[in-house]
$ cat structure31.cif   # mmCIF, C-alpha atoms
data_entry
loop_
_atom_site.label_atom_id
_atom_site.label_comp_id
_atom_site.auth_asym_id
_atom_site.auth_seq_id
_atom_site.Cartn_x
_atom_site.Cartn_y
_atom_site.Cartn_z
CA MET V 1 4.49 -24.49 -17.85
CA SER V 2 5.72 -21.22 -16.37
CA GLN V 3 7.49 -18.89 -18.77
CA THR V 4 11.28 -19.07 -18.98
CA LEU V 5 13.40 -16.01 -18.31
CA GLU V 6 16.08 -15.08 -20.81
CA ASN V 7 19.06 -12.75 -20.22
CA ARG V 8 19.30 -13.41 -16.50
CA ALA V 9 20.96 -10.64 -14.47
CA SER V 10 23.36 -11.67 -11.70
CA PRO V 11 24.12 -9.62 -8.57
CA ASP V 12 27.74 -8.66 -8.00
CA ALA V 13 29.51 -9.46 -4.73
CA LYS V 14 28.49 -6.20 -3.04
CA THR V 15 24.85 -6.76 -3.96
CA GLN V 16 24.91 -10.36 -2.76
CA LEU V 17 26.23 -9.18 0.60
CA ASP V 18 23.46 -6.58 0.76
CA ILE V 19 20.85 -9.26 0.06
CA TYR V 20 22.28 -11.32 2.92
CA ARG V 21 22.25 -8.28 5.22
CA ARG V 22 18.54 -7.81 4.56
CA MET V 23 17.84 -11.52 5.09
CA ILE V 24 19.60 -11.53 8.45
CA ARG V 25 17.86 -8.29 9.43
CA ILE V 26 14.52 -10.02 8.79
CA GLU V 27 15.46 -13.19 10.64
CA ARG V 28 16.84 -11.40 13.72
CA ASN V 29 13.84 -9.07 13.84
CA ASP V 30 11.41 -11.99 13.52
CA ASP V 31 13.15 -13.98 16.24
CA ALA V 32 13.13 -10.96 18.54
CA THR V 33 9.41 -10.36 17.96
CA ARG V 34 8.48 -13.93 18.84
CA THR V 35 10.76 -13.78 21.89
CA GLN V 36 9.16 -10.58 23.20
CA ILE V 37 5.67 -12.06 22.78
CA ARG V 38 6.67 -15.26 24.62
CA ARG V 39 8.13 -13.20 27.44
CA GLY V 40 4.88 -11.25 27.77
CA ARG V 41 6.49 -7.89 27.06
CA ILE V 42 4.12 -7.26 24.14
CA THR V 43 0.68 -8.55 23.25
CA ALA V 44 -0.12 -8.45 19.56
CA PRO V 45 -1.21 -10.67 16.68
CA TYR V 46 1.91 -11.77 14.83
CA TYR V 47 2.27 -13.61 11.53
CA SER V 48 5.81 -14.90 11.15
CA ALA V 49 7.36 -15.08 7.69
CA ARG V 50 10.36 -17.09 8.86
CA GLY V 51 11.68 -19.04 5.87
CA GLN V 52 10.63 -16.40 3.33
CA GLU V 53 13.53 -13.98 3.91
CA CYS V 54 15.20 -14.10 0.54
CA ILE V 55 12.14 -13.05 -1.50
CA PRO V 56 11.78 -9.40 -0.41
CA SER V 57 15.53 -9.11 0.25
CA SER V 58 16.43 -10.02 -3.33
CA ILE V 59 13.75 -7.66 -4.64
CA SER V 60 14.32 -4.67 -2.35
CA VAL V 61 18.01 -4.54 -3.21
CA LEU V 62 16.82 -3.47 -6.69
CA LEU V 63 14.41 -0.79 -5.46
CA ASN V 64 14.95 2.89 -4.72
CA ASP V 65 13.60 4.67 -1.65
CA ASP V 66 10.88 6.27 -3.77
CA ASP V 67 9.80 2.92 -5.21
CA LYS V 68 6.83 1.67 -3.27
CA ILE V 69 5.66 -1.56 -1.70
CA CYS V 70 2.17 -2.58 -0.60
CA THR V 71 2.08 -5.59 1.63
CA ILE V 72 -0.14 -7.66 3.90
CA TYR V 73 -0.32 -8.62 7.57
CA ARG V 74 2.38 -11.29 7.04
CA GLY V 75 4.59 -8.58 5.62
CA ILE V 76 6.92 -7.20 8.27
CA HIS V 77 9.76 -8.99 6.48
CA ASP V 78 8.88 -7.02 3.33
CA MET V 79 9.21 -3.77 5.28
CA VAL V 80 12.43 -4.76 6.99
CA ALA V 81 13.91 -5.75 3.62
CA LYS V 82 12.98 -2.30 2.29
CA ASP V 83 15.16 -0.85 5.08
CA MET V 84 12.33 0.60 7.09
CA PRO V 85 13.91 1.96 10.30
CA LEU V 86 13.39 -0.39 13.22
CA ARG V 87 12.74 2.13 16.00
CA PRO V 88 9.37 3.37 14.69
CA LEU V 89 8.54 -0.15 13.49
CA TRP V 90 9.00 -1.57 16.99
CA ALA V 91 7.21 1.35 18.61
CA GLU V 92 4.20 0.53 16.44
CA ILE V 93 4.41 -3.18 17.22
CA CYS V 94 4.41 -2.25 20.90
CA GLY V 95 1.49 0.17 20.49
CA ARG V 96 3.49 3.26 21.45
CA VAL V 97 2.98 6.84 20.35
CA ASP V 98 6.30 7.04 18.46
CA GLY V 99 5.23 4.21 16.17
CA THR V 100 4.67 4.69 12.47
CA CYS V 101 0.90 5.00 13.06
CA LYS V 102 1.16 6.53 16.54
CA GLY V 103 0.72 3.13 18.12
CA LYS V 104 -2.82 2.71 16.84
CA GLY V 105 -2.19 0.24 14.04
CA GLY V 106 0.04 -2.40 15.57
CA PRO V 107 1.95 -5.01 13.55
CA MET V 108 -0.91 -5.50 11.06
CA HIS V 109 -1.01 -1.85 9.99
CA LEU V 110 2.46 -0.40 9.50
CA THR V 111 3.48 2.30 7.08
CA HIS V 112 6.60 4.36 6.38
CA PRO V 113 6.35 6.43 3.19
CA GLU V 114 9.90 7.74 3.60
CA THR V 115 11.22 4.32 2.62
CA GLY V 116 8.34 3.50 0.28
CA VAL V 117 6.40 1.29 2.70
CA MET V 118 3.00 2.65 1.77
CA VAL V 119 0.46 0.35 3.33
CA THR V 120 0.06 -2.86 5.29
CA THR V 121 -3.39 -4.30 4.94
CA GLY V 122 -5.25 -6.89 6.97
CA ILE V 123 -7.56 -7.69 4.07
CA VAL V 124 -6.35 -10.65 2.03
CA GLY V 125 -5.29 -9.58 -1.46
CA SER V 126 -6.03 -5.88 -1.04
CA SER V 127 -2.39 -4.91 -1.55
CA MET V 128 -2.85 -5.40 -5.30
CA PRO V 129 -5.51 -2.81 -6.22
CA ILE V 130 -3.80 -0.29 -3.92
CA ALA V 131 -0.51 -0.94 -5.72
CA ASN V 132 -2.30 -0.24 -8.99
CA GLY V 133 -3.24 3.17 -7.62
CA PHE V 134 0.40 4.00 -6.96
CA GLY V 135 1.32 2.67 -10.39
CA TRP V 136 -1.30 4.88 -12.02
CA ALA V 137 0.03 7.89 -10.08
CA ALA V 138 3.56 7.14 -11.34
CA LEU V 139 2.29 7.12 -14.93
CA LEU V 140 0.43 10.40 -14.44
CA ASP V 141 3.49 12.01 -12.84
CA GLY V 142 5.83 10.69 -15.52
CA THR V 143 8.22 9.13 -13.01
CA LYS V 144 10.11 5.84 -13.28
CA GLN V 145 8.83 4.64 -9.93
CA VAL V 146 7.66 1.06 -9.61
CA THR V 147 5.39 -0.50 -7.02
CA VAL V 148 5.66 -4.05 -5.67
CA ALA V 149 2.47 -5.73 -4.47
CA TYR V 150 3.21 -8.61 -2.09
CA PHE V 151 0.58 -11.24 -1.34
CA GLY V 152 0.21 -14.92 -0.50
CA ASP V 153 -0.94 -17.87 -2.56
CA GLY V 154 -4.44 -17.79 -1.05
CA ALA V 155 -4.93 -14.23 -2.30
CA SER V 156 -4.55 -15.40 -5.90
CA ASN V 157 -8.03 -16.92 -5.58
CA ILE V 158 -9.95 -13.76 -4.73
CA GLY V 159 -11.46 -11.19 -7.05
CA ALA V 160 -8.98 -8.42 -6.26
CA PHE V 161 -6.13 -10.50 -7.74
CA HIS V 162 -7.86 -10.95 -11.10
CA GLU V 163 -9.21 -7.40 -11.24
CA ALA V 164 -5.83 -5.90 -10.37
CA LEU V 165 -3.89 -7.97 -12.91
CA ASN V 166 -6.40 -7.17 -15.63
CA LEU V 167 -6.34 -3.42 -15.01
CA ALA V 168 -2.56 -3.30 -14.63
CA SER V 169 -2.17 -5.03 -17.97
CA VAL V 170 -4.72 -2.83 -19.76
CA TRP V 171 -3.08 0.35 -18.49
CA LYS V 172 0.51 -1.00 -18.57
CA LEU V 173 1.05 -0.05 -14.96
CA PRO V 174 4.57 -0.25 -13.45
CA VAL V 175 3.54 -2.85 -10.88
CA ILE V 176 5.26 -6.11 -9.98
CA PHE V 177 2.88 -8.65 -8.46
CA VAL V 178 4.86 -10.89 -6.11
CA CYS V 179 3.10 -13.98 -4.79
CA GLN V 180 5.02 -15.44 -1.86
CA ASN V 181 3.69 -18.96 -2.29
CA ASN V 182 4.53 -20.64 1.02
CA GLY V 183 2.20 -23.55 0.40
CA PHE V 184 -0.56 -22.62 2.82
CA ALA V 185 -3.42 -20.13 2.64
CA GLU V 186 -3.80 -19.54 6.37
CA HIS V 187 -4.65 -23.14 7.40
CA THR V 188 -5.47 -24.50 3.94
CA ARG V 189 -2.96 -26.48 1.91
CA TYR V 190 -2.28 -25.11 -1.57
CA GLU V 191 -3.63 -28.14 -3.42
CA ASN V 192 -6.89 -28.00 -1.47
CA GLY V 193 -7.77 -24.47 -2.52
CA THR V 194 -6.10 -23.58 -5.80
CA SER V 195 -7.06 -24.93 -9.20
CA VAL V 196 -3.72 -24.57 -10.99
CA ASP V 197 -0.37 -26.12 -10.19
CA GLN V 198 1.44 -22.82 -10.84
CA ILE V 199 -0.02 -19.43 -10.00
CA SER V 200 2.25 -17.90 -12.64
CA LYS V 201 0.09 -19.54 -15.31
CA ARG V 202 -2.67 -17.09 -14.49
CA ALA V 203 -0.60 -14.28 -15.98
CA ILE V 204 -1.26 -15.67 -19.45
CA GLY V 205 -4.94 -14.71 -19.23
CA TYR V 206 -3.97 -11.10 -18.55
CA GLY V 207 -1.33 -10.68 -21.22
CA MET V 208 1.66 -10.25 -18.96
CA PRO V 209 4.81 -12.27 -18.23
CA GLY V 210 4.45 -14.80 -15.43
CA TYR V 211 7.31 -16.72 -13.83
CA THR V 212 7.54 -19.39 -11.18
CA VAL V 213 10.68 -18.65 -9.18
CA ASP V 214 12.66 -20.55 -6.57
CA GLY V 215 11.82 -18.31 -3.64
CA ASN V 216 14.61 -19.88 -1.57
CA ASP V 217 17.32 -18.96 -4.07
CA PRO V 218 18.35 -15.29 -3.82
CA LEU V 219 20.00 -15.35 -7.25
CA ASP V 220 16.89 -16.73 -8.95
CA VAL V 221 14.63 -14.19 -7.25
CA TYR V 222 17.07 -11.38 -8.12
CA ALA V 223 17.23 -12.34 -11.81
CA HIS V 224 13.45 -12.42 -12.22
CA ALA V 225 12.87 -9.28 -10.14
CA HIS V 226 15.52 -7.44 -12.15
CA ALA V 227 13.74 -8.29 -15.40
CA ALA V 228 10.33 -7.33 -14.00
CA ILE V 229 11.53 -4.01 -12.59
CA GLU V 230 13.37 -3.06 -15.79
CA ARG V 231 10.25 -3.89 -17.79
CA ALA V 232 8.11 -1.73 -15.50
CA ARG V 233 10.50 1.23 -15.60
CA ALA V 234 10.58 1.04 -19.39
CA GLY V 235 6.82 1.47 -19.54
CA GLU V 236 6.14 -2.07 -20.70
CA GLY V 237 3.74 -2.94 -17.90
CA PRO V 238 3.38 -5.42 -15.06
CA THR V 239 4.84 -8.85 -14.29
CA LEU V 240 3.63 -11.67 -12.06
CA LEU V 241 6.27 -13.47 -10.01
CA GLU V 242 5.30 -16.60 -8.10
CA CYS V 243 8.07 -17.23 -5.57
CA LYS V 244 7.84 -20.77 -4.20
CA THR V 245 8.92 -21.09 -0.57
CA PHE V 246 7.80 -22.54 2.77
CA ARG V 247 6.89 -20.79 5.99
CA PHE V 248 8.44 -22.36 9.05
CA MET V 249 5.77 -21.22 11.52
CA GLY V 250 2.01 -21.54 11.78
CA HIS V 251 -0.41 -19.06 10.28
CA VAL V 252 -0.40 -16.90 13.40
CA PHE V 253 1.78 -16.96 16.50
CA GLY V 254 0.52 -19.78 18.74
CA ASP V 255 -0.92 -21.82 15.88
CA ASN V 256 0.09 -25.49 16.27
CA ASP V 257 0.44 -25.87 12.44
CA ALA V 258 -1.27 -29.27 12.50
CA TYR V 259 -2.03 -28.89 8.79
CA MET V 260 1.69 -29.30 8.04
CA THR V 261 3.24 -32.74 8.16
CA LYS V 262 6.22 -33.08 10.47
CA GLU V 263 8.26 -34.49 7.59
CA GLU V 264 7.69 -31.62 5.17
CA LYS V 265 8.31 -29.02 7.84
CA ALA V 266 11.53 -30.71 8.93
CA ALA V 267 12.70 -30.97 5.31
CA ALA V 268 11.96 -27.29 4.67
CA MET V 269 13.77 -26.14 7.80
CA ALA V 270 16.75 -28.35 6.96
CA ASP V 271 16.85 -26.51 3.62
CA ASP V 272 16.77 -23.09 5.31
CA PRO V 273 17.90 -20.54 2.68
CA LEU V 274 19.74 -18.37 5.23
CA PRO V 275 22.60 -20.73 6.22
CA LYS V 276 22.78 -21.99 2.64
CA PHE V 277 23.33 -18.47 1.28
CA ARG V 278 25.76 -17.67 4.08
CA GLN V 279 27.86 -20.70 3.11
CA LYS V 280 27.71 -19.74 -0.56
CA LEU V 281 29.04 -16.26 0.22
CA ILE V 282 31.91 -17.80 2.16
CA ASP V 283 32.68 -20.43 -0.49
CA ASP V 284 32.62 -17.80 -3.27
CA GLY V 285 34.92 -15.48 -1.36
CA VAL V 286 32.32 -12.73 -1.04
CA ALA V 287 32.86 -12.51 2.72
CA THR V 288 34.54 -14.42 5.50
CA ALA V 289 32.70 -16.15 8.32
CA ALA V 290 34.08 -13.54 10.73
CA GLU V 291 32.78 -10.70 8.57
CA LEU V 292 29.31 -12.25 8.40
CA ASP V 293 29.31 -12.82 12.16
CA ALA V 294 30.20 -9.17 12.69
CA LEU V 295 27.37 -8.14 10.36
CA THR V 296 24.93 -10.26 12.36
CA ALA V 297 26.15 -8.72 15.61
CA ARG V 298 25.57 -5.20 14.26
CA ILE V 299 22.04 -6.13 13.22
CA GLU V 300 21.32 -7.65 16.62
CA GLU V 301 22.44 -4.36 18.20
CA GLU V 302 20.07 -2.48 15.88
CA VAL V 303 17.14 -4.74 16.82
CA ASN V 304 17.87 -4.56 20.55
CA ASP V 305 18.17 -0.79 20.38
CA ALA V 306 14.78 -0.59 18.64
CA ILE V 307 13.14 -2.78 21.27
CA GLU V 308 14.44 -0.73 24.18
CA PHE V 309 13.49 2.49 22.39
CA ALA V 310 9.96 1.21 21.90
CA MET V 311 9.58 0.03 25.48
CA ALA V 312 10.59 3.48 26.73
CA CYS V 313 7.98 5.27 24.60
CA GLU V 314 4.61 6.38 25.94
CA TYR V 315 1.27 4.86 25.00
CA PRO V 316 -1.09 7.06 22.95
CA SER V 317 -3.20 9.39 25.07
CA ASP V 318 -6.97 9.02 25.32
CA ASP V 319 -7.56 12.00 23.04
CA GLU V 320 -5.98 10.02 20.20
CA LEU V 321 -8.86 7.53 20.28
CA ARG V 322 -10.95 9.40 17.72
CA ARG V 323 -8.16 11.09 15.82
CA ASP V 324 -7.07 9.94 12.35
CA VAL V 325 -10.54 8.59 11.63
CA PHE V 326 -11.86 11.67 9.84
CA ALA V 327 -9.98 14.58 8.28
CA GLU V 328 -9.15 17.42 10.62
CA GLU V 329 -11.43 20.44 10.27
CA ILE V 330 -9.94 22.92 7.84
CA PRO V 331 -11.04 26.58 7.78
CA ALA V 332 -12.96 27.36 4.59
CA LYS V 333 -10.56 30.10 3.55
CA GLU V 334 -7.68 27.56 3.60
CA MET V 335 -9.69 24.83 1.90
CA TRP V 336 -10.45 27.00 -1.11
CA ALA V 337 -7.17 28.93 -1.20
#
$ encode --input "structure31.cif" --output "structure tokens"
Amino acid sequence: MSQTLENRASPDAKTQLDIYRRMIRIERNDDATRTQIRRGRITAPYYSARGQECIPSSISVLLNDDDKICTIYRGIHDMVAKDMPLRPLWAEICGRVDGTCKGKGGPMHLTHPETGVMVTTGIVGSSMPIANGFGWAALLDGTKQVTVAYFGDGASNIGAFHEALNLASVWKLPVIFVCQNNGFAEHTRYENGTSVDQISKRAIGYGMPGYTVDGNDPLDVYAHAHAAIERARAGEGPTLLECKTFRFMGHVFGDNDAYMTKEEKAAAMADDPLPKFRQKLIDDGVATAAELDALTARIEEEVNDAIEFAMACEYPSDDELRRDVFAEEIPAKEMWA
């Protein structure tokens, strides 16, 4: 069995509303990305995380700007939840020079250190050892910064997962390992590729807490993330969170998701965490329907503004083709100054 969390923290009304804001920001941004691809305005590989909104939203609300995240190619929702600005994000998606990587990385390679979005990697599972590097730096610098490593269930089966958890535990690194278990490793069903029924059980072998969390319940994710982050800031080491959820789309945009049954997909979409949380906020008196509609409208304006900004930007010039591959030449007198 997964470990059981004691002393569960609960978000106040303001924090719950902020979680919802981040969830809607993800959903509207995701919908806009798929729409722009369908319309032929952009051509790019895109890995939708629709259905997984509440995981990074309920975690990022607990993070500071200088806390860091390392994520994967299905990770734009993690960046949007961390409040990465949308203009440079969209410019990068569109391959324009004002993007976060000057238009040369695209949606699979985004970064924005100002908000703690340190790396997006196209290599399955490689977010974890990189996160350990940031955790080690935080220990050396004596800061209280934490790093969140996001990855999918398939990545828990590769060597980097086990190596990273082992080293983080040995060195008591301030890293939170967050597995967004959406049930499918690319096109492979969970039960066809993973030997344990709960990924959180693997934490036991590395001497760290491991929890299986309802990844569709913002309050459950918040409580477990709060405990993990407090533990990391206190110098007590890493935590593994397995957040169970379901992705509504195929592995990559255009995938016909034949490996999902129509029944399970329909059931998951009927249990969409976004409208459920919206209704809870209304029922609990956190916000009115009109207030939430106005919030959504503001976010849609932000997304539309970012799209038009990106479309008006220039493409990188030809002389950028070989730049940012090697370090720029530095005069010897400056190198050894």
$ atom_distance --input "structure31.cif" --atom1 "atom CA of V:Asn216" --atom2 "atom CA of V:Thr288"
21.8 Å
$ resolve_selection --input "structure31.cif" --expression "the PyMOL selection byres ((chain V and resi 148-151) around 9)" --output "NGL selection string"
:V and (56 or 59 or 67-72 or 74-75 or 78 or 124-132 or 146-147 or 152-156 or 174-181)
$ residues_around --input "structure31.cif" --residues "V:Leu274" --least-positions-apart "3" --cutoff "10 Å" --atoms "all atoms listed in the file" --output "JSON, numbers by chain"
{"V": [20, 23, 24, 27, 51, 52, 53, 54, 216, 217, 218, 271, 277, 278, 279, 280]}
$ closest_residue --input "structure31.cif" --among "V:Ile26, V:Met260, V:Ala13, V:Ile229" --to "V:Met84" --atoms "all atoms listed in the file"
V:Ile26
$ atom_distance --input "structure31.cif" --atom1 "atom CA of V:Leu63" --atom2 "atom CA of V:Leu165"
21.0 Å
$ residues_around --input "structure31.cif" --residues "V:Ala91" --least-positions-apart "3" --cutoff "10 Å" --atoms "only C-alpha atoms" --output "list in words"
Leu86, Arg87, Pro88, Cys94, Gly95, Arg96, Val97, Asp98, Gly99, Thr100, Cys101, Lys102, Gly103, Gly106, Pro107, Ala306, Ile307, Glu308, Phe309, Ala310, Met311, Ala312, Cys313, Glu314 and Tyr315 of chain V
$ write_last_selection --input "structure31.cif" --atoms "C-alpha atoms" --output "short mmCIF file (atom, residue, chain, number, x, y, z; two decimals), keeping the file's coordinate frame"
data_model
loop_
_atom_site.label_atom_id
_atom_site.label_comp_id
_atom_site.auth_asym_id
_atom_site.auth_seq_id
_atom_site.Cartn_x
_atom_site.Cartn_y
_atom_site.Cartn_z
CA LEU V 86 13.39 -0.39 13.22
CA ARG V 87 12.74 2.13 16.00
CA PRO V 88 9.37 3.37 14.69
CA CYS V 94 4.41 -2.25 20.90
CA GLY V 95 1.49 0.17 20.49
CA ARG V 96 3.49 3.26 21.45
CA VAL V 97 2.98 6.84 20.35
CA ASP V 98 6.30 7.04 18.46
CA GLY V 99 5.23 4.21 16.17
CA THR V 100 4.67 4.69 12.47
CA CYS V 101 0.90 5.00 13.06
CA LYS V 102 1.16 6.53 16.54
CA GLY V 103 0.72 3.13 18.12
CA GLY V 106 0.04 -2.40 15.57
CA PRO V 107 1.95 -5.01 13.55
CA ALA V 306 14.78 -0.59 18.64
CA ILE V 307 13.14 -2.78 21.27
CA GLU V 308 14.44 -0.73 24.18
CA PHE V 309 13.49 2.49 22.39
CA ALA V 310 9.96 1.21 21.90
CA MET V 311 9.58 0.03 25.48
CA ALA V 312 10.59 3.48 26.73
CA CYS V 313 7.98 5.27 24.60
CA GLU V 314 4.61 6.38 25.94
CA TYR V 315 1.27 4.86 25.00
#
$ closest_residue --input "structure31.cif" --among "V:Ala138, V:Ala234, V:Ile76, V:Ala81" --to "V:Arg22" --atoms "only C-alpha atoms"
V:Ala81
$ atom_distance --input "structure31.cif" --atom1 "atom CA of V:Val213" --atom2 "atom CA of V:Thr194"
17.8 Å
$ residues_around --input "structure31.cif" --residues "V:Thr111" --least-positions-apart "2" --cutoff "8 Å" --atoms "all atoms listed in the file" --output "number ranges by chain"
V: 100-101, 109, 113, 117-120
$ write_last_selection --input "structure31.cif" --atoms "C-alpha atoms" --output "tab-separated table (two decimals), in the frame of the given file"
chain	number	residue	atom	x	y	z
V	100	THR	CA	4.67	4.69	12.47
V	101	CYS	CA	0.90	5.00	13.06
V	109	HIS	CA	-1.01	-1.85	9.99
V	113	PRO	CA	6.35	6.43	3.19
V	117	VAL	CA	6.40	1.29	2.70
V	118	MET	CA	3.00	2.65	1.77
V	119	VAL	CA	0.46	0.35	3.33
V	120	THR	CA	0.06	-2.86	5.29
